[in-house]
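K.L.:
Following this message is one structure expressed as structure tokens.
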Amino acid sequence: SQELCRALEQDHVKLQMAKETVEQRTQELRKEGELLHKNLEQQMSLNRDEERSCQMLPALPEKKMVFKGLVTNKEDTNKLMLTPLIRYPLLGGSALITFEKAEVAQRIIEVKEHMVELSYGEELEELDRCRVRVQAAPVDILLPSALEMRLTQNSRSILVSDLPSLGIAEEALLDKLELFFSKTKNGGGEVESREFLDGSGQVVLTFVQDGVAELLIARGHIQVPVGKGKYKLKISPCMSGDITNLQLQPCRCPRTVLLSGIPDVLGEEPMRDALEIHFQKASRGGGEVDTLAYVPAGQQRVAVFTEDAG
């Protein structure tokens, strides 16, 4: 009977240990379940934020568009169109000349070296047959070929657009907007900062408290008194973008030529005229000049390249 009691006690100990093991595992599984649930909630929250960000994009300030006859391939419909402004340093003793036709620029580049006659004008009466030697080279610039951006929404800011053109100072208009949007009866709150976006005619207002911007954005438009009238202003989310990937590729300007080695023997305007006269003559391989910029020796300027609409 003693042996039976010892056996029962051992079984009881084993059962107790097994019970504790099961309870411990149950606690671990419960914690894992809670962690999984928390992670799932966070992921769903992130997904909602991403969906909200995507939904907000169409609410950006409206722009007036018109169809001009351009038809693109179907796969191009989701591409972002960029209009780059490329700044190109132009050193002293050089010039940029753009011809109306690309084949003229190519001929000038192939010759490489040109003798430009300066025997005209009052400044060079004594130097009847004066010539200067200049070098011609192609112009290569870097253009963006791929661009990736990450858009984020500022939860306490709004973008105010469709502002009236009343001829009043920017600071005065900012004061009127801050005064209106700082009042709770207008759906606003205390304004932390206000600023005009450069060249856009739009204003960014940032509020001190959370939730104010969201309610205003939901309204979409709001009537604001400015001067003697009331104007319907558009309220949009304030989006900011960070470039996450930018790829560049070299691009040759087909109609533009870089002239270098130009000596400082004439005033700026007479030298510019002499260069244009020389390079528009067909007998010297030239052609009609679209534009020419000349920088005298000892100076430096920046040329701005835009998209060639021609």
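In the structure tokens, the first chain shown is A, the next is B, and so on; residue numbers restart at 1 for each chain, and ligands run from 1 in the order shown.
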Need the shell around range 94-105 of chain A: protein/DNA/RNA residues with any atom at most 9 Å away, counting only C-alpha atoms. Skip same-chain ones fewer than 2 positions apart. Format as an MDAnalysis selection string?

P.N.:
chainID A and resid 90:92 107:110 134 138:139 253:263 272 275:276 279:280 285:297 303 310

K.L.:
Which residues are close to Ser145 in chain A, i.e. within 10 Å by only C-alpha atoms, leaving aside same-chain residues fewer than 3 positions away? Reply as an NGL selection string.

P.N.:
:A and (82 or 142 or 246-250)

K.L.:
With N, CA, C and O atoms retained, export the selected residues as a short mmCIF file (atom, residue, chain, number, x, y, z; two decimals), in the first residue's frame.

P.N.:
data_model
loop_
_atom_site.label_atom_id
_atom_site.label_comp_id
_atom_site.auth_asym_id
_atom_site.auth_seq_id
_atom_site.Cartn_x
_atom_site.Cartn_y
_atom_site.Cartn_z
N LEU A 82 7.35 66.01 -66.15
CA LEU A 82 8.19 67.03 -65.56
C LEU A 82 8.57 68.07 -66.61
O LEU A 82 8.75 67.74 -67.79
N LEU A 142 22.43 67.22 -68.07
CA LEU A 142 21.84 66.06 -67.41
C LEU A 142 20.35 66.32 -67.16
O LEU A 142 19.97 67.33 -66.59
N LEU A 246 16.30 59.49 -57.71
CA LEU A 246 16.41 60.37 -58.88
C LEU A 246 17.52 59.85 -59.78
O LEU A 246 18.66 59.72 -59.35
N GLN A 247 17.16 59.54 -61.01
CA GLN A 247 18.14 59.06 -61.98
C GLN A 247 18.28 60.08 -63.10
O GLN A 247 17.27 60.62 -63.58
N LEU A 248 19.52 60.35 -63.49
CA LEU A 248 19.80 61.34 -64.52
C LEU A 248 20.45 60.67 -65.72
O LEU A 248 21.16 59.66 -65.59
N GLN A 249 20.21 61.25 -66.88
CA GLN A 249 20.87 60.76 -68.08
C GLN A 249 21.33 61.96 -68.92
O GLN A 249 20.67 62.99 -68.94
N PRO A 250 22.49 61.82 -69.60
CA PRO A 250 22.99 62.93 -70.41
C PRO A 250 22.11 63.16 -71.63
O PRO A 250 21.58 62.22 -72.22
#

K.L.:
Please report the interatomic distance between CA of Gln209 in chain A and CA of Gly229 in chain A in Å with one decimal.

P.N.:
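For CA of Gln209 in chain A relative to CA of Gly229 in chain A, the distance reads 29.2 Å.
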
K.L.:
Applying 8 Å and only C-alpha atoms, which residues near Gly241 in chain A remain after dropping the ones on its own chain fewer than 5 positions away? List them as a list in words.

P.N.:
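In the requested format, the answer is Met149, Arg150, Leu151 and Thr152 of chain A.
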
K.L.:
Please return, as a PyMOL selection string, all residues of range 74-309 of chain A that DSSP assigns to strand (DSSP E or B) on the basis of the backbone.

P.N.:
chain A and resi 86-91+94-99+113-117+131-161+191-197+202-207+221-226+229-260+289-295+300-305
